[in-house]
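Participant: Quick one: structure below, then a few questions.
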Amino acid sequence: MMQTNSNSILTPDFSFADLSLKDLLDAREMFHVHLMNKKNVVATAVGLYRIRKKEPWPNTRPYGEYVKQKRKPKRTLFSSEVREYSWPCILVFVKEWIYEDDYKKMENYTDIIPPRIYLPDGRIVPICVVEATKNDYVEDTAEPSSIIFPGNFVGGGFPLVIESQGVQRVASIGCVVYDGNKYYTLTNKHVTGEPGTVIYTRMKGVLTRIGKSASKQIGTLEFSKVYPGWASSNLFINTDVGLIEIDDINIWKTDVFQVGTYSKLADINTHNLSLKLIGAQVTAYGSVSGRLKGEVAAMFYRYKSVGGYEYAADFLIGPRDNELLKTKKGDSGTLWMLEAEDEDTKKKDFLPIALQWGSHSFTDSRQTGAYALATCLSNVLRNLEVDLVRDWNVDSDYSWGKLGHFSIATLACSLVKDRKLKELIKNNLKLITFDYDNLTISKIDKGLGLLKEQFGFVPLADVPDLVWKGRVAGIKRGKESPNHFADMDKKDSYGKTLLEWSTGTYKNIAFLTPDEWLEYYNDDAVKDKSKGILPFRVWQFFVNMVDFLEKGKVTEFVTAAGILSHYVGDACQPLHISHMFDGKPTAQGVKGKGVHSVYETNMINKFIPDILKNAGDKVKNNRKALINIRSGKEAGGATVELIKKTFATIKPEELVNICEKHKDLGKAAIAEKMWEKVGEGTTGSIFFNGAFYLASLWESAWKVGKGSTHITDLDEVDKDKVVALYESKDFVPSVNITEIGALLT
């Protein structure tokens with residue numbers, strides 16, 4: 001018979017791995033005052049034991065020798081990690097790592113932190129001590145030129161602008177929610193301010209109101225009320241959430257910029273919240289920091305004590321994959337999403353889980369990095385009595401006219417006459433745009449995703465939007481925005497518009513200098529803060545293309561020619577060249593607000609087969625010779641001429657009136673009405689005109705730069721070299737109206 005030790009029968013069999021989240025919270029609550037009275041302790045949390053990164057894994061040869069070491073290296077947030085065998089524990093953060101022997105030398109035994117604590121029923125709860133020296137340096141808010149602002153749609157991750165006490169501050173948009181009556185966006189209470197505070201963003205470079213602070217806000221919540229059944233005296237969860245009542249939901253999307261659509265809410269409560277979340281991968285997009293990737297480092301991070309009350313954050317989010325979490329001031333309000341895998345499709349799912357309200361920056365002897373402090377989103381929605389909105393405008397695109405840009409570039413390739421240039425363009429077509437059969441929004445989006453994932457490449461026709469505005473690749477040029485448009489139809493103090501000042505043909509267009517345009521923009525009746533310079537941007541590209549050809553730089557020429565197609569595409573889109581770009585400003589408000597996205601996204605995307613058929617027929621039947629442009633100034637003049645033809649074909653005010661007349665309908669229905677009015681013929685004509693002028697610019701530069709003489713290799717250029725060129729801010733640099741003149745010689 002097997003002999004049994006009496007002690008083993010009478011002693012409860014407790015394992016660290018059996019400890020639950022509630023067990024850890026109970027243990028911390030019991031001993032929190034004791035721990036916080038230790039001289040070196042700054043905060044506590046619950047989670048999984050952090051293993052030093054240099055520590056060998058169990059069952060490996062050096063592991064036993066490592067365990068025997070009496071004085072192991074200090075454990076910091078940066079030198080440790082959670083491993084698959086990590087066990088539940090209470091995390092105790094200290095401002096300085098002090099070895100037990102050093103405490104003894106200081107005769108300060110009472111400040112020694114015990115390696116474990118004991119519960120009344122005999123359970124043992126481990127304590128993991130981590131050095132977390134706070135770095136109190138606070139980074140200044142980023143310059144607006146380094147922040148990506150929205151185009152025609154506002155959504156998660158984009159910046160909010162708040163004016164308070166004479167200072168503009170930037171924060172992040174979280175997500176859209178609905179209370180059954182009105183739509184709101186979530187951000188932080190410390191961002192929204194008092195109810196009724198007007199909230200802005202920037203669209204087309206102009207400060208634009210998007211809503212006002214609502215009365216529904218949450219500061220702190222009692223822990224026991226947020227997590228019923230989990231008692232913790234005098235503990236409050238810092239929630240810090242405010243609602244912004246949205247002015248116009250039609251210009252909003254419910255996905256997160258550069259992340260995409262999110263799935264259902266990660267609905268967390270006391271019944272399903274567990275330590276399985278520790279180490280879970282999460283992602284976000286902060287308006288200042290951009291794309292953020294991290295993991296849940298700890299829960300219920302108890303970071304502050306004031307007047308006998310303790311304050312905690314639901315989640316402490318740290319770095320993953322050994323990359324620092326670069327969250328910065330201005331990311332307040334950022335929505336964090338849990339990365340999961342869809343059981344059916346096996347594709348990555350994003351489940352909204354938390355809203356960031358702050359960060360703590362820690363440092364050790366080797367590096368400094370931030371950890372995000374975030375509140376549980378399901379608690380927020382429950383307390384505010386709102387629901388998460390997931391499907392508003394998700395089929396619309398943040399970029400204005402992406403499909404149009406690629407289509408015009410594709411059509412232009414067919415209009416080129418010069419044999420050698422035509423061969424060069426044909427061999428590089430896939431670097432510039434998509435072929436005719438793939439000109440649908442779904443195929444383009446799929447293609448862009450594959451190209452970016454596999455090659456880090458974006459076709460040249462939309463580099464200005466998708467790369468230089470940071471919409472996909474995140475490489476932003478601060479002065480790029482004015483290069484995409486020119487408000488040509490607003491009357492100045494003389495009662496004349498830019499169109500009316502710009503008399504003559506492309507060979508001798510009047511009023512075509514940056515100084516004259518700047519004077520017009522500064523006119524008291526115009527006061528155009530955005531100061532678009534589209535014709536001068538085309539002029540600049542033409543000069544560069546000629547220079548590249550003269551020097552035999554074929555890769556530079558192909559890259560510049562492909563990118564030029566974007567700006568020519570802008571010139572033939574009526575709402576890119578009008579002060580009514582998103583509605584007509586009136587004393588009563590904006591008439592036809594949202595017209596830009598209805599026309600350039602909803603209508604064009606839906607009717608692109610008919611538009612391309614019409615434009616394609618015009619290309620096939622074209623008998624006109626391409627325009628012979630002999631200089632950069634004539635290239636700018638040709639752009640103005642194209643703008644005039646665009647206005648003559650489709651008047652912006654006509655689009656505005658259609659949108660205003662049918663504003664009570666959905667955007668899809670308004671697009672149908674718009675198609676009935678401007679229709680296949682007119683829209684097909686502007687696509688053809690854009691392609692015709694683009695082909696003329698290409699071929700003219702080829703002739704002026706003597707491409708047939710200087711370029712002998714007509715094969716596809718090296719893709720990596722193309723990427724290196726457009727990722728360089730020195731390649732045909734983006735500048736504003738006060739600087740462009742020096743680049744036009």
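Here's how to read the names in the structure tokens: chain A, B, ... by the order shown, residue numbers from 1 in each chain, ligand numbers from 1 in the order shown.
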When you look at Val46 in chain A with a cut-off of 8 Å (counting only C-alpha atoms), what residues show up, excluding the ones that are within fewer than 5 positions of it in the same chain? I need them as a ChimeraX atom specification.

Facilitator: /A:21,24-25,88-91,298-301

Participant: Create the file for the chosen residues now, containing all heavy atoms and written as a tab-separated table (two decimals), in the first residue's frame.

Facilitator:
```
chain	number	residue	atom	x	y	z
A	21	LEU	N	-8.28	36.06	-11.79
A	21	LEU	CA	-8.15	37.52	-11.74
A	21	LEU	C	-8.76	38.06	-10.45
A	21	LEU	O	-8.19	38.95	-9.81
A	21	LEU	CB	-8.83	38.14	-12.97
A	21	LEU	CG	-8.85	39.66	-13.06
A	21	LEU	CD1	-7.44	40.23	-13.03
A	21	LEU	CD2	-9.57	40.10	-14.33
A	24	LEU	N	-6.42	37.62	-7.52
A	24	LEU	CA	-5.35	38.62	-7.49
A	24	LEU	C	-5.87	39.95	-6.98
A	24	LEU	O	-5.19	40.64	-6.20
A	24	LEU	CB	-4.75	38.79	-8.89
A	24	LEU	CG	-4.06	37.58	-9.51
A	24	LEU	CD1	-3.50	37.94	-10.88
A	24	LEU	CD2	-2.94	37.07	-8.62
A	25	LEU	N	-7.06	40.31	-7.41
A	25	LEU	CA	-7.64	41.58	-6.94
A	25	LEU	C	-7.92	41.53	-5.44
A	25	LEU	O	-7.67	42.52	-4.72
A	25	LEU	CB	-8.92	41.88	-7.72
A	25	LEU	CG	-8.73	42.27	-9.19
A	25	LEU	CD1	-10.07	42.31	-9.91
A	25	LEU	CD2	-8.02	43.61	-9.32
A	88	PRO	N	0.08	33.79	-12.74
A	88	PRO	CA	-0.61	34.97	-12.19
A	88	PRO	C	0.17	35.58	-11.04
A	88	PRO	O	0.80	34.88	-10.25
A	88	PRO	CB	-1.94	34.39	-11.71
A	88	PRO	CG	-2.15	33.16	-12.54
A	88	PRO	CD	-0.78	32.59	-12.74
A	89	CYS	N	0.10	36.90	-10.94
A	89	CYS	CA	0.85	37.58	-9.88
A	89	CYS	C	0.31	38.99	-9.66
A	89	CYS	O	-0.51	39.50	-10.45
A	89	CYS	CB	2.34	37.67	-10.25
A	89	CYS	SG	2.65	38.81	-11.60
A	90	ILE	N	0.77	39.59	-8.59
A	90	ILE	CA	0.58	41.03	-8.38
A	90	ILE	C	1.86	41.71	-8.85
A	90	ILE	O	2.97	41.31	-8.47
A	90	ILE	CB	0.32	41.35	-6.90
A	90	ILE	CG1	-1.02	40.76	-6.46
A	90	ILE	CG2	0.33	42.85	-6.66
A	90	ILE	CD1	-1.29	40.91	-4.98
A	91	LEU	N	1.72	42.71	-9.70
A	91	LEU	CA	2.87	43.47	-10.18
A	91	LEU	C	3.06	44.67	-9.27
A	91	LEU	O	2.13	45.44	-9.03
A	91	LEU	CB	2.63	43.93	-11.62
A	91	LEU	CG	2.59	42.81	-12.68
A	91	LEU	CD1	1.84	43.28	-13.91
A	91	LEU	CD2	4.00	42.39	-13.06
A	298	ALA	N	-0.78	44.76	-18.39
A	298	ALA	CA	-1.32	44.54	-17.04
A	298	ALA	C	-2.73	45.10	-17.00
A	298	ALA	O	-3.16	45.83	-17.90
A	298	ALA	CB	-0.45	45.22	-15.99
A	299	MET	N	-3.44	44.74	-15.94
A	299	MET	CA	-4.81	45.25	-15.75
A	299	MET	C	-4.92	45.92	-14.38
A	299	MET	O	-4.20	45.57	-13.44
A	299	MET	CB	-5.82	44.12	-15.89
A	299	MET	CG	-5.99	43.65	-17.32
A	299	MET	SD	-7.36	42.50	-17.55
A	299	MET	CE	-6.66	41.01	-16.88
A	300	PHE	N	-5.84	46.88	-14.32
A	300	PHE	CA	-6.14	47.60	-13.08
A	300	PHE	C	-4.85	48.18	-12.48
A	300	PHE	O	-4.51	47.94	-11.33
A	300	PHE	CB	-6.88	46.70	-12.10
A	300	PHE	CG	-8.12	46.10	-12.70
A	300	PHE	CD1	-8.27	44.73	-12.82
A	300	PHE	CD2	-9.13	46.93	-13.19
A	300	PHE	CE1	-9.41	44.19	-13.39
A	300	PHE	CE2	-10.27	46.39	-13.77
A	300	PHE	CZ	-10.42	45.03	-13.87
A	301	TYR	N	-4.18	48.92	-13.33
A	301	TYR	CA	-2.93	49.60	-12.96
A	301	TYR	C	-3.27	50.73	-11.99
A	301	TYR	O	-3.85	51.73	-12.35
A	301	TYR	CB	-2.28	50.13	-14.23
A	301	TYR	CG	-1.06	51.01	-14.05
A	301	TYR	CD1	0.11	50.52	-13.48
A	301	TYR	CD2	-1.08	52.33	-14.48
A	301	TYR	CE1	1.23	51.32	-13.35
A	301	TYR	CE2	0.04	53.15	-14.36
A	301	TYR	CZ	1.19	52.64	-13.79
A	301	TYR	OH	2.30	53.44	-13.67
```

Participant: Residues of range 172-279 of chain A within 8 Å of range 352-364 of chain A: nearest atom pair and distance (Å, one decimal) for each, counting only C-alpha atoms, sorted by chain and number, as a tab-separated table?

Facilitator:
```
residue	atom	partner	partner_atom	distance
A:Gly174	CA	A:Leu355	CA	7.0
A:Thr187	CA	A:Leu355	CA	7.6
A:Asn188	CA	A:Trp357	CA	6.1
A:Thr239	CA	A:Trp357	CA	7.7
A:Asp240	CA	A:Trp357	CA	6.4
A:Val241	CA	A:Trp357	CA	7.9
A:Tyr262	CA	A:Pro352	CA	6.9
A:Ser263	CA	A:Pro352	CA	7.3
A:Lys264	CA	A:Pro352	CA	7.2
A:Leu265	CA	A:Pro352	CA	5.2
A:Ala266	CA	A:Ile353	CA	5.2
A:Asp267	CA	A:Ile353	CA	7.6
```

Participant: Which value, in Å to one decimal, gives the distance between CA of Thr555 in chain A and CA of Phe687 in chain A?

Facilitator: 26.8 Å

Participant: Could you pull out the strand (DSSP E) residues of range 163-319 of chain A from DSSP and send them as number ranges by chain?

Facilitator: A: 163-164, 167-172, 176-178, 183-187, 198-203, 206-222, 235-246, 252-256, 281-286, 290-306, 309-318

Participant: Contacts of range 422-431 of chain A at 12 Å or less, counting only C-alpha atoms, minus same-chain residues fewer than 4 places along, as a PyMOL selection string?

Facilitator: chain A and resi 406-407+409-418+435-436+438+444+447-448+451+455+457-463+554-555+557-563+695+698-699+702+707-708+711-723

Participant: For Thr133 in chain A, which residue among A:Lys329, A:Pro62, A:Thr368, A:Pro115 is the nearest when counting only C-alpha atoms?

Facilitator: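 Looking at the shortest contact to Thr133 in chain A, the residue is A:Thr368.
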
Participant: Taking into account only C-alpha atoms, which residue in the set A:Tyr184, A:Phe223, A:Phe257, A:Trp336 is nearest to Arg302 in chain A?

Facilitator: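 Nearest to Arg302 in chain A: A:Phe223.
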
Participant: Looking at only C-alpha atoms, which of A:Pro120, A:Gly294, A:Pro195, A:Pro58 is the one that sits closest to Asn322 in chain A?

Facilitator: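 Ranking A:Pro120, A:Gly294, A:Pro195, A:Pro58 by distance to Asn322 in chain A, first place goes to A:Gly294.
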
Participant: What's the separation between CA of Lys189 in chain A and CA of Leu207 in chain A, in Å to one decimal place?

Facilitator: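 CA of Leu207 in chain A lies 21.5 Å from CA of Lys189 in chain A.
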
Participant: Considering only C-alpha atoms, state which residue in the set A:Ile113, A:Pro464, A:Ser332, A:Tyr66 is at the smallest distance from Thr192 in chain A.

Facilitator: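 Using only C-alpha atoms, the shortest distance to Thr192 in chain A belongs to A:Ser332.
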
Participant: Looking at A:Gly495, A:Gly690, A:Pro652, A:Gly211, which one is nearest to Asp570 in chain A, with distances taken over only C-alpha atoms?

Facilitator: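 Using only C-alpha atoms, Asp570 in chain A sits closest to A:Gly690.
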
Participant: For CA of Leu119 in chain A and CA of Gly47 in chain A, quote the distance in Å rounded to one decimal.

Facilitator: 17.5 Å

Participant: Quick one: residues within 10 Å of Ser305 in chain A, only C-alpha atoms, excluding same-chain residues fewer than 3 positions away - as a list in words?

Facilitator: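 The filter keeps Met36, Val42, Ala43, Asn234, Leu235, Arg302, Gly308, Tyr309, Glu310, Tyr311 and Ala312 of chain A.
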
Participant: Go ahead and dump the residues you just picked, N, CA and C atoms, as a PDB file, in the first residue's frame.

Facilitator:
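Contents of part_24.pdb, as written:
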```
ATOM      1  N   MET A  36       1.918  49.797  -0.707  1.00  0.00           N
ATOM      2  CA  MET A  36       2.114  51.192  -1.102  1.00  0.00           C
ATOM      3  C   MET A  36       2.867  51.993  -0.044  1.00  0.00           C
ATOM      4  N   VAL A  42       5.680  52.683  -6.369  1.00  0.00           N
ATOM      5  CA  VAL A  42       4.955  53.795  -7.002  1.00  0.00           C
ATOM      6  C   VAL A  42       3.596  53.378  -7.547  1.00  0.00           C
ATOM      7  N   ALA A  43       3.399  52.087  -7.808  1.00  0.00           N
ATOM      8  CA  ALA A  43       2.122  51.642  -8.372  1.00  0.00           C
ATOM      9  C   ALA A  43       2.035  50.125  -8.272  1.00  0.00           C
ATOM     10  N   ASN A 234     -12.482  52.278  -1.753  1.00  0.00           N
ATOM     11  CA  ASN A 234     -11.814  53.536  -2.079  1.00  0.00           C
ATOM     12  C   ASN A 234     -11.056  53.509  -3.407  1.00  0.00           C
ATOM     13  N   LEU A 235     -11.432  52.603  -4.298  1.00  0.00           N
ATOM     14  CA  LEU A 235     -10.765  52.523  -5.600  1.00  0.00           C
ATOM     15  C   LEU A 235     -11.702  53.019  -6.695  1.00  0.00           C
ATOM     16  N   ARG A 302      -2.932  50.521 -10.718  1.00  0.00           N
ATOM     17  CA  ARG A 302      -3.274  51.442  -9.626  1.00  0.00           C
ATOM     18  C   ARG A 302      -2.126  52.438  -9.493  1.00  0.00           C
ATOM     19  N   GLY A 308      -6.836  59.800   0.238  1.00  0.00           N
ATOM     20  CA  GLY A 308      -7.383  58.532   0.708  1.00  0.00           C
ATOM     21  C   GLY A 308      -8.072  57.718  -0.360  1.00  0.00           C
ATOM     22  N   TYR A 309      -8.142  58.237  -1.580  1.00  0.00           N
ATOM     23  CA  TYR A 309      -8.757  57.505  -2.685  1.00  0.00           C
ATOM     24  C   TYR A 309      -7.684  57.048  -3.667  1.00  0.00           C
ATOM     25  N   GLU A 310      -7.893  55.858  -4.234  1.00  0.00           N
ATOM     26  CA  GLU A 310      -6.953  55.283  -5.191  1.00  0.00           C
ATOM     27  C   GLU A 310      -7.568  55.338  -6.590  1.00  0.00           C
ATOM     28  N   TYR A 311      -6.706  55.501  -7.596  1.00  0.00           N
ATOM     29  CA  TYR A 311      -7.170  55.596  -8.980  1.00  0.00           C
ATOM     30  C   TYR A 311      -6.428  54.577  -9.836  1.00  0.00           C
ATOM     31  N   ALA A 312      -7.181  53.938 -10.732  1.00  0.00           N
ATOM     32  CA  ALA A 312      -6.604  52.880 -11.563  1.00  0.00           C
ATOM     33  C   ALA A 312      -7.074  53.017 -13.003  1.00  0.00           C
TER      34      ALA A 312
END
```

Participant: Taking into account only C-alpha atoms, which residue in the set A:Ser213, A:Asn602, A:Thr646, A:Ser597 is nearest to Phe581 in chain A?

Facilitator: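 Residue with the minimum atom-to-atom distance to Phe581 in chain A: A:Ser597.
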